[in-house]
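File shown: my_file_29.tsv. Contents: TSV, C-alpha atoms and all ligand atoms.
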chain	number	residue	atom	x	y	z
A	15	MET	CA	-23.79	-7.08	13.99
A	16	GLU	CA	-26.56	-7.10	11.41
A	17	ALA	CA	-25.63	-7.99	7.83
A	18	ARG	CA	-25.54	-4.97	5.55
A	19	SER	CA	-28.62	-4.51	3.40
A	20	THR	CA	-26.58	-3.98	0.23
A	21	ALA	CA	-23.99	-6.68	-0.37
A	22	ALA	CA	-20.62	-5.19	-1.18
A	23	LYS	CA	-17.83	-6.14	-3.55
A	24	VAL	CA	-14.07	-6.18	-3.13
A	25	LEU	CA	-12.34	-3.41	-5.05
A	26	VAL	CA	-8.98	-4.28	-6.61
A	27	VAL	CA	-7.08	-1.24	-7.90
A	28	GLY	CA	-3.94	-1.25	-10.06
A	29	GLY	CA	-2.30	1.81	-11.58
A	30	THR	CA	-3.11	4.26	-8.80
A	31	HIS	CA	0.30	5.54	-9.88
A	32	GLY	CA	0.48	5.70	-13.67
A	33	ASN	CA	4.12	4.67	-13.97
A	34	GLU	CA	3.62	1.51	-11.89
A	35	ARG	CA	2.71	-0.84	-14.72
A	36	ASN	CA	2.68	-4.32	-13.20
A	37	ALA	CA	-0.61	-4.22	-11.29
A	38	ALA	CA	-2.27	-2.24	-14.10
A	39	TRP	CA	-1.18	-4.94	-16.54
A	40	LEU	CA	-2.67	-7.59	-14.21
A	41	VAL	CA	-5.95	-5.70	-13.79
A	42	GLU	CA	-6.34	-5.39	-17.56
A	43	SER	CA	-5.55	-9.07	-18.00
A	44	TRP	CA	-8.05	-10.09	-15.27
A	45	ARG	CA	-10.74	-7.93	-16.80
A	46	ARG	CA	-10.26	-9.63	-20.17
A	47	HIS	CA	-9.94	-13.13	-18.70
A	48	PRO	CA	-11.63	-13.26	-15.27
A	49	ALA	CA	-10.75	-16.96	-14.87
A	50	ARG	CA	-7.06	-16.01	-14.60
A	51	LEU	CA	-7.69	-14.63	-11.11
A	52	ARG	CA	-8.66	-17.06	-8.36
A	53	ARG	CA	-11.12	-14.84	-6.54
A	54	GLY	CA	-12.25	-17.08	-3.70
A	55	GLY	CA	-15.82	-16.85	-4.92
A	56	LEU	CA	-16.05	-13.12	-4.18
A	57	ALA	CA	-17.57	-10.47	-6.42
A	58	LEU	CA	-14.84	-8.05	-7.49
A	59	GLU	CA	-14.53	-4.66	-9.07
A	60	LEU	CA	-11.27	-4.39	-11.06
A	61	VAL	CA	-10.21	-0.81	-11.67
A	62	ILE	CA	-7.30	1.21	-13.08
A	63	GLY	CA	-6.78	3.85	-10.40
A	64	ASN	CA	-5.52	6.72	-12.52
A	65	PRO	CA	-6.24	5.99	-16.20
A	66	ALA	CA	-5.03	9.41	-17.42
A	67	ALA	CA	-1.66	9.07	-15.67
A	68	HIS	CA	-1.45	5.44	-16.81
A	69	ALA	CA	-1.97	6.53	-20.43
A	70	ALA	CA	0.78	9.15	-19.99
A	71	GLY	CA	3.12	6.73	-18.21
A	72	ARG	CA	3.54	9.18	-15.34
A	73	ARG	CA	3.00	8.74	-11.61
A	74	TYR	CA	0.34	11.47	-11.72
A	75	LEU	CA	-0.60	14.46	-13.84
A	76	GLU	CA	-1.52	17.19	-11.34
A	77	ARG	CA	-1.38	15.67	-7.86
A	78	ASP	CA	-0.44	12.28	-6.44
A	79	LEU	CA	-3.77	10.39	-6.47
A	80	ASN	CA	-2.69	8.42	-3.42
A	81	ARG	CA	-2.50	11.65	-1.39
A	82	CYS	CA	-5.91	12.97	-2.53
A	83	PHE	CA	-8.20	11.02	-0.21
A	84	HIS	CA	-8.47	13.62	2.58
A	85	THR	CA	-12.12	14.18	3.46
A	86	ASP	CA	-11.51	17.97	3.63
A	87	LEU	CA	-9.83	18.06	0.23
A	88	LEU	CA	-12.55	15.93	-1.39
A	89	ALA	CA	-15.27	18.15	0.08
A	90	ASP	CA	-13.67	21.40	-1.17
A	91	PRO	CA	-15.46	22.38	-4.40
A	92	GLY	CA	-12.61	24.75	-5.23
A	93	ARG	CA	-10.19	21.85	-5.67
A	94	ARG	CA	-10.50	20.56	-9.23
A	95	GLU	CA	-7.13	18.95	-9.92
A	96	LEU	CA	-7.56	15.95	-12.19
A	97	GLU	CA	-6.59	13.50	-9.45
A	98	VAL	CA	-8.88	15.08	-6.83
A	99	ASP	CA	-11.77	14.65	-9.27
A	100	ARG	CA	-10.68	11.08	-9.96
A	101	ALA	CA	-10.65	10.35	-6.22
A	102	ARG	CA	-14.23	11.66	-5.99
A	103	GLU	CA	-15.22	9.54	-9.00
A	104	LEU	CA	-13.71	6.37	-7.48
A	105	LEU	CA	-15.66	6.97	-4.28
A	106	ASP	CA	-18.89	7.81	-6.14
A	107	ARG	CA	-18.69	4.64	-8.23
A	108	HIS	CA	-17.06	2.14	-5.88
A	109	GLY	CA	-16.98	3.70	-2.42
A	110	PRO	CA	-18.72	2.23	0.62
A	111	ALA	CA	-21.75	4.52	0.06
A	112	ALA	CA	-22.04	3.92	-3.72
A	113	ALA	CA	-25.13	2.30	-5.26
A	114	ASP	CA	-22.99	-0.77	-6.03
A	115	PRO	CA	-20.59	-0.46	-3.09
A	116	CYS	CA	-17.22	-1.97	-2.27
A	117	ALA	CA	-16.38	-2.62	1.38
A	118	VAL	CA	-12.77	-3.77	0.98
A	119	VAL	CA	-10.03	-2.39	-1.25
A	120	LEU	CA	-6.72	-3.92	-2.30
A	121	ASP	CA	-4.55	-1.16	-3.78
A	122	LEU	CA	-1.67	-2.67	-5.76
A	123	HIS	CA	1.59	-0.77	-6.12
A	124	SER	CA	5.18	-1.37	-7.13
A	125	THR	CA	8.37	0.29	-5.93
A	126	THR	CA	11.93	0.80	-7.11
A	127	ALA	CA	13.07	-0.10	-3.57
A	128	ALA	CA	13.91	-3.71	-2.71
A	129	MET	CA	10.85	-4.17	-0.50
A	130	GLY	CA	10.04	-7.63	-1.84
A	131	CYS	CA	6.31	-8.35	-1.63
A	132	CYS	CA	4.95	-6.54	1.41
A	133	LEU	CA	1.84	-4.94	2.86
A	134	VAL	CA	1.35	-1.35	3.87
A	135	VAL	CA	-1.25	-0.79	6.59
A	136	TYR	CA	-2.47	2.73	7.39
A	137	GLY	CA	-3.36	3.17	11.03
A	138	ARG	CA	-4.78	0.51	13.34
A	139	ARG	CA	-8.25	-0.37	12.12
A	140	PRO	CA	-9.03	-3.87	13.42
A	141	GLU	CA	-10.31	-5.11	10.02
A	142	ASP	CA	-7.03	-4.09	8.34
A	143	LEU	CA	-4.93	-5.63	11.08
A	144	ALA	CA	-6.88	-8.89	10.86
A	145	LEU	CA	-6.45	-9.16	7.10
A	146	ALA	CA	-2.77	-8.20	7.33
A	147	ALA	CA	-2.15	-10.74	10.11
A	148	ALA	CA	-3.90	-13.47	8.12
A	149	LEU	CA	-1.84	-12.63	5.02
A	150	GLN	CA	1.36	-12.57	7.02
A	151	GLY	CA	0.42	-15.95	8.51
A	152	ARG	CA	-0.25	-17.37	5.04
A	153	LEU	CA	2.59	-15.84	3.00
A	154	GLY	CA	5.04	-14.42	5.56
A	155	LEU	CA	4.78	-10.92	4.11
A	156	PRO	CA	6.44	-8.09	6.04
A	157	ILE	CA	4.17	-5.24	7.09
A	158	TYR	CA	4.94	-1.53	7.07
A	159	LEU	CA	2.56	0.19	9.48
A	160	HIS	CA	2.18	3.79	8.37
A	161	GLU	CA	0.70	6.11	10.97
A	162	GLY	CA	1.18	9.43	12.67
A	163	ASP	CA	2.92	11.23	9.80
A	164	PRO	CA	0.97	14.40	8.98
A	165	SER	CA	3.32	15.15	6.04
A	166	GLN	CA	2.17	11.92	4.32
A	167	SER	CA	-1.60	11.42	4.35
A	168	GLY	CA	-4.73	11.15	2.20
A	169	PHE	CA	-4.23	7.53	1.14
A	170	LEU	CA	-6.83	5.76	-1.01
A	171	VAL	CA	-7.37	2.73	1.24
A	172	GLU	CA	-8.36	4.95	4.17
A	173	ARG	CA	-11.72	5.81	2.57
A	174	TRP	CA	-12.95	2.19	2.47
A	175	PRO	CA	-13.94	0.30	5.64
A	176	CYS	CA	-11.04	-2.13	5.12
A	177	GLY	CA	-8.07	-1.74	2.83
A	178	LEU	CA	-4.47	-2.72	2.35
A	179	VAL	CA	-1.72	-1.71	-0.02
A	180	VAL	CA	0.27	-4.50	-1.64
A	181	GLU	CA	3.71	-3.12	-2.55
A	182	VAL	CA	6.18	-5.15	-4.65
A	183	GLY	CA	9.73	-4.32	-5.69
A	184	PRO	CA	12.31	-3.64	-6.82
A	185	VAL	CA	11.13	-2.88	-10.32
A	186	PRO	CA	11.94	0.21	-12.40
A	187	GLN	CA	9.13	2.65	-13.05
A	188	GLY	CA	7.35	1.97	-16.33
A	189	LEU	CA	8.48	-1.67	-16.57
A	190	VAL	CA	6.41	-4.87	-16.38
A	191	GLN	CA	8.30	-7.87	-15.02
A	192	ALA	CA	6.90	-11.39	-14.77
A	193	ALA	CA	8.22	-12.02	-11.24
A	194	ILE	CA	6.70	-8.80	-9.92
A	195	CYS	CA	3.35	-9.67	-11.51
A	196	ARG	CA	3.51	-13.17	-10.06
A	197	GLN	CA	4.20	-11.91	-6.53
A	198	THR	CA	1.41	-9.36	-6.84
A	199	SER	CA	-1.16	-11.88	-8.05
A	200	LEU	CA	-0.18	-14.40	-5.33
A	201	ALA	CA	-0.80	-11.75	-2.68
A	202	VAL	CA	-4.15	-10.76	-4.22
A	203	GLU	CA	-5.33	-14.37	-4.51
A	204	ALA	CA	-4.31	-15.09	-0.90
A	205	ALA	CA	-6.12	-11.95	0.30
A	206	LEU	CA	-9.31	-12.95	-1.56
A	207	ASP	CA	-9.07	-16.49	-0.22
A	208	LEU	CA	-8.76	-15.16	3.34
A	209	LEU	CA	-11.63	-12.70	2.87
A	210	ALA	CA	-13.76	-15.58	1.58
A	211	ALA	CA	-12.83	-17.57	4.71
A	212	ALA	CA	-13.80	-14.58	6.87
A	213	ARG	CA	-17.12	-14.39	5.00
A	214	ARG	CA	-17.79	-18.06	5.82
A	215	GLY	CA	-16.83	-17.37	9.44
A	216	ASP	CA	-13.86	-19.73	9.48
A	217	LEU	CA	-10.85	-17.42	9.24
A	218	ARG	CA	-8.04	-18.43	11.60
A	219	LEU	CA	-5.56	-15.75	12.60
A	220	PRO	CA	-1.98	-16.39	13.72
A	221	PRO	CA	-1.20	-15.59	17.38
A	222	ARG	CA	1.23	-12.78	16.57
A	223	LEU	CA	1.71	-9.98	14.08
A	224	VAL	CA	5.11	-8.49	13.23
A	225	VAL	CA	4.92	-4.87	12.09
A	226	HIS	CA	7.53	-2.31	11.12
A	227	ARG	CA	6.03	0.83	12.56
A	228	HIS	CA	6.80	4.11	10.81
A	229	LEU	CA	8.90	6.50	12.89
A	230	GLY	CA	9.88	9.11	10.33
A	231	SER	CA	11.78	9.68	7.10
A	232	LEU	CA	15.23	10.96	6.16
A	233	ASP	CA	16.08	13.10	3.15
A	234	LEU	CA	19.35	13.11	1.25
A	235	PRO	CA	21.85	15.71	2.42
A	236	ARG	CA	21.20	18.82	0.31
A	237	GLN	CA	23.18	21.78	-1.05
A	238	ALA	CA	22.05	25.28	-0.12
A	239	ASP	CA	20.08	25.43	-3.41
A	240	GLY	CA	18.24	22.20	-2.62
A	241	ALA	CA	20.19	19.93	-5.00
A	242	PRO	CA	21.24	16.57	-3.53
A	243	ALA	CA	24.74	16.66	-1.99
A	244	ALA	CA	25.08	12.86	-1.79
A	245	VAL	CA	23.50	9.60	-2.92
A	246	VAL	CA	22.34	6.57	-0.98
A	247	HIS	CA	25.41	4.59	0.05
A	248	PRO	CA	25.95	1.44	-2.06
A	249	LEU	CA	26.08	-0.65	1.14
A	250	ARG	CA	22.61	0.62	2.08
A	251	GLN	CA	20.99	0.31	-1.37
A	252	HIS	CA	18.62	-2.72	-1.57
A	253	ARG	CA	18.92	-3.35	2.20
A	254	ASP	CA	15.28	-2.70	2.98
A	255	TRP	CA	13.90	-4.27	6.18
A	256	GLN	CA	17.40	-4.46	7.68
A	257	PRO	CA	18.50	-2.75	10.90
A	258	LEU	CA	20.34	0.55	10.67
A	259	ALA	CA	22.68	1.49	13.53
A	260	ALA	CA	24.28	4.83	14.40
A	261	GLY	CA	27.53	5.10	12.45
A	262	ASP	CA	26.49	2.73	9.61
A	263	PRO	CA	27.30	4.13	6.14
A	264	LEU	CA	24.15	5.82	4.84
A	265	PHE	CA	25.06	8.28	2.09
A	266	LEU	CA	28.05	8.77	-0.22
A	267	ASP	CA	29.20	12.20	-1.34
A	268	PRO	CA	30.68	12.96	-4.80
A	269	ASP	CA	34.23	12.70	-3.39
A	270	GLY	CA	33.52	9.13	-2.27
A	271	VAL	CA	33.27	10.05	1.41
A	272	SER	CA	30.82	7.95	3.43
A	273	LEU	CA	28.30	9.85	5.52
A	274	PRO	CA	27.16	7.73	8.45
A	275	TYR	CA	23.67	7.44	9.89
A	276	ARG	CA	23.25	9.86	12.77
A	277	PRO	CA	19.95	9.27	14.56
A	278	PRO	CA	17.72	12.30	14.99
A	279	PRO	CA	17.58	13.27	18.69
A	280	GLU	CA	14.19	11.60	19.24
A	281	LEU	CA	15.57	8.27	17.95
A	282	GLU	CA	18.87	8.38	19.83
A	283	GLY	CA	19.73	4.91	21.12
A	284	GLU	CA	16.70	3.36	19.43
A	285	PRO	CA	17.20	0.47	16.98
A	286	VAL	CA	15.62	1.24	13.61
A	287	TRP	CA	14.88	-0.68	10.41
A	288	ALA	CA	15.04	1.09	7.05
A	289	VAL	CA	12.37	0.79	4.34
A	290	PHE	CA	11.64	2.34	0.94
A	291	ILE	CA	15.35	3.01	0.48
A	292	ASN	CA	15.90	5.20	-2.59
A	293	GLU	CA	12.33	4.85	-3.90
A	294	ALA	CA	12.49	6.90	-7.10
A	295	ALA	CA	9.10	8.56	-6.62
A	296	TYR	CA	9.91	9.85	-3.13
A	297	GLY	CA	12.72	12.18	-4.21
A	298	GLU	CA	10.16	14.93	-4.81
A	299	LYS	CA	8.75	14.31	-1.34
A	300	GLY	CA	12.20	14.74	0.24
A	301	ILE	CA	12.37	11.11	1.36
A	302	ALA	CA	15.51	9.05	0.77
A	303	LEU	CA	14.36	6.30	3.14
A	304	SER	CA	11.95	5.77	6.01
A	305	LEU	CA	12.79	4.52	9.49
A	306	THR	CA	10.68	2.00	11.34
A	307	ARG	CA	10.67	0.04	14.56
A	308	ARG	CA	10.11	-3.70	14.43
A	309	GLU	CA	7.37	-4.67	16.88
A	310	ILE	CA	5.70	-7.97	17.67
A	311	TRP	CA	2.05	-7.63	18.64
A	312	PRO	CA	-0.33	-10.25	19.99
A	313	VAL	CA	-3.24	-10.65	17.58
A	314	GLU	CA	-6.43	-9.49	19.31
A	315	GLU	CA	-9.64	-11.50	19.09
A	316	GLY	CA	-11.61	-8.38	18.26
A	317	TRP	CA	-9.69	-7.95	14.99
A	318	GLY	CA	-10.95	-11.24	13.60
A	319	ARG	CA	-14.51	-10.49	14.74
A	320	ALA	CA	-14.43	-7.07	13.08
A	321	LEU	CA	-13.23	-8.57	9.80
A	322	ALA	CA	-15.79	-11.40	9.98
A	323	ASP	CA	-18.61	-8.86	10.52
A	324	LEU	CA	-17.44	-6.85	7.51
A	325	ALA	CA	-16.86	-9.92	5.33
A	326	ALA	CA	-20.36	-11.25	6.13
A	327	GLY	CA	-21.65	-8.38	3.99
A	328	LEU	CA	-19.49	-9.25	0.97
A	329	LYS	CA	-21.17	-10.33	-2.22
A	330	GLY	CA	-20.42	-13.73	-3.74
A	331	GLU	CA	-19.50	-14.21	-7.38
A	332	GLU	CA	-22.79	-16.05	-7.96
A	333	GLN	CA	-24.67	-12.88	-6.98
A	334	LEU	CA	-23.26	-11.20	-10.08
A	335	LEU	CA	-25.18	-13.52	-12.41
A	336	PRO	CA	-28.37	-12.12	-13.94
A	337	PRO	CA	-31.52	-13.49	-12.26
A	338	GLY	CA	-33.36	-16.44	-13.82
B	401	ZN	ZN	2.58	3.49	-5.98

What's the C-alpha cells form of this structure?
Amino acid sequence: MEARSTAAKVLVVGGTHGNERNAAWLVESWRRHPARLRRGGLALELVIGNPAAHAAGRRYLERDLNRCFHTDLLADPGRRELEVDRARELLDRHGPAAADPCAVVLDLHSTTAAMGCCLVVYGRRPEDLALAAALQGRLGLPIYLHEGDPSQSGFLVERWPCGLVVEVGPVPQGLVQAAICRQTSLAVEAALDLLAAARRGDLRLPPRLVVHRHLGSLDLPRQADGAPAAVVHPLRQHRDWQPLAAGDPLFLDPDGVSLPYRPPPELEGEPVWAVFINEAAYGEKGIALSLTRREIWPVEEGWGRALADLAAGLKGEEQLLPPG
C-alpha cells in the first residue's frame, strides 16, 4: 500500500465523559509537560473529549458523547445537541479527513466497575485487533470485544481508521486516583511504543488473542414503575471477568433474598463471563452488567500487515518541529 500523502498523528482523548477525571487530568498534565509522556517518537494530538461536560463534572450535558458518532446522526443538520456538535468538531479538527489528520485514536475512560486496566475493541477491524493483540502480549490486558449490539452504538473510536478504548477501574466518578492514572499512562505509553514499532515495520504480534466477546446485557429487576427492585449481589460486586453460572447469586432484594442468575433462553447452557458489573453510568441505560464469552483466537497475519500499512503513514515527533 502506498504511504499516505498527509502524515497523520495519533489522537489521545481523555474526558470523553466529563465525570471521568483521571484521563482528563493526565491529558492536561501531558499538554503542560510533554516530556512526562513517553510517546515512542510519534506526533500526538492531546484532547479533552467533552470540555463542557468536564467543566460541569457530569458525564454529558445533552447526550452521551460516546454514543454520538453515528454517521447518520452526524450528517443530520437538525441534530444540534451540544455533544453531537462536539463530535462533528472533533472529526473536523482531528478526524482522518482533517487538514491535520489523526489516523489512530486512543480514547481513555474510567469505570466504577472493577475492570482493572482493560481494552475495549469495537468490531473486528484488523488494525484494532493487531494493536489490541500487541498490547495484550505486552501488558496482559483483558479485552472486551463489543459488537453486534444495536442498542449500544455510535462510539468515538469507530470514526478513526484505528482506535481502542482504554478502560480503567474501579474508581468513583469525579475522583482522580494515582493508581488509576498510573495504569492509564502505562497503557498509553505501551500503545504508542507498539505503534512506533509498527511504523518502523518491526512489530511482533503474539500467536493468540483472548477476547471476551459481548453477548448481551442484563438490567436490574424492576418494579412496575421502573424503580430497581434489587441491587447487585455482594458476592457478584467487583467480580468482573469471572464466570457466571446458572443459579449463582446475582441480585439481592430489599428483604435480603438472593436472586440467582437465570440465563436468557439464547444463552441457556452457555458459559458466560460478566463485565462492567454495576457501572454507575449504565443505570440510565438499563444495564446492571454485561455478559461475554471468553474466546481464544489465532492472531492473523493480515492484522499485523494492516496495522503496519496504517502506521507507515504516522507522523514522527520530529515532523512537528518548525522547518529550518
Ligand atoms: Zn467513559

Near segment 198-207 of chain A, 8 Å: segment 15-122 of chain A residue rows, closest pairs, all atoms listed in the file, as a tab-separated table:
residue	atom	partner	partner_atom	distance
A:Ala37	CA	A:Thr198	CA	7.1
A:Leu40	CA	A:Ser199	CA	7.7
A:Leu51	CA	A:Glu203	CA	7.0
A:Arg52	CA	A:Glu203	CA	5.8
A:Arg53	CA	A:Leu206	CA	5.6
A:Gly54	CA	A:Asp207	CA	4.8
A:Leu56	CA	A:Leu206	CA	7.2
A:Leu120	CA	A:Val202	CA	7.6
A:Leu122	CA	A:Thr198	CA	7.4

Can you tell me which residues surround Val24 of chain A at a distance of at most 9 Å, considering all atoms listed in the file, apart from same-chain residues fewer than 5 positions away, and format the answer as a CSV table (one decimal) with C-alpha atoms, in the frame of the given file?
chain,number,residue,atom,x,y,z
A,56,LEU,CA,-16.0,-13.1,-4.2
A,57,ALA,CA,-17.6,-10.5,-6.4
A,58,LEU,CA,-14.8,-8.0,-7.5
A,59,GLU,CA,-14.5,-4.7,-9.1
A,60,LEU,CA,-11.3,-4.4,-11.1
A,115,PRO,CA,-20.6,-0.5,-3.1
A,116,CYS,CA,-17.2,-2.0,-2.3
A,117,ALA,CA,-16.4,-2.6,1.4
A,118,VAL,CA,-12.8,-3.8,1.0
A,119,VAL,CA,-10.0,-2.4,-1.2
A,120,LEU,CA,-6.7,-3.9,-2.3
A,206,LEU,CA,-9.3,-13.0,-1.6
A,328,LEU,CA,-19.5,-9.2,1.0
A,329,LYS,CA,-21.2,-10.3,-2.2

Quiz item: Pick the closest to Asp86 of chain A from A:Gly168, A:Gly71, A:Pro175, A:Gly327: which is it, counting only C-alpha atoms?
Solution: A:Gly168

Quiz item: When the cut-off is 8 Å and you count only C-alpha atoms and all ligand atoms, which residues lie near ligand ZN 401 (chain B), shown as number ranges by chain?
Solution: A: 29-31, 34, 73, 80, 122-125, 181

Self-check item: Residues near Asp99 of chain A, cut-off 12 Å, only C-alpha atoms, skip fewer than 6 positions along chain, as a PyMOL selection string
Solution: chain A and resi 63-64+66+76-79+82-83+87-93+105-106

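For the set A:Gly297, A:Gly270, A:Ala211, A:Arg276, the residue with the smallest atom-to-atom gap to Leu234 of chain A is A:Gly297, counting all atoms listed in the file.
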
Exercise. Find the residues around segment 309-317 of chain A up to 12 Å (all atoms listed in the file counted), leave out those fewer than 2 positions away in its own chain, and share them as a ChimeraX atom specification.
Key: /A:138-148,150-151,156-159,176,212,217-229,285-287,306-307,319-324

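Of note, atom CA of Gly183 of chain A and atom CA of Cys195 of chain A are spaced 10.2 Å apart.
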
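Summary of the local environment: counting all atoms listed in the file, residues at most 10 Å from His84 of chain A, other than itself and those fewer than 5 positions away along its chain, are Ala89, Val98, Ala101, Ser167, Gly168, Phe169, Leu170, Glu172 and Arg173 of chain A.
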
Quiz item: When you draw a straight line from atom CA of Pro248 of chain A to atom CA of Gln187 of chain A, how long is it in Å?
Solution: 20.1 Å

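With only C-alpha atoms as the atoms that count, the residue of A:Leu258, A:Val61, A:Ala22, A:Leu334 with the shortest distance to Trp174 of chain A is A:Ala22.
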
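Candidate residues A:Ala67, A:Ala295, A:Val27, A:Ala111 were compared for distance to Glu97 of chain A, and the nearest is A:Ala67, using only C-alpha atoms.
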
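Note that atom CA of Leu305 of chain A and atom CA of Pro268 of chain A are 24.4 Å apart.
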
Practice problem: Go through A:Ala243, A:Ala326, A:Gly137, A:Gly283 one by one, measure the shortest atom-to-atom distance of each to Gly261 of chain A using all atoms listed in the file, and give the residue with the smallest value. | Solution: A:Gly283

Self-check item: Non-local contacts of Gln166 of chain A (10 Å; all atoms listed in the file; under 3 positions in same chain excluded) as a PyMOL selection string
Solution: chain A and resi 80-81+160-163+169+299
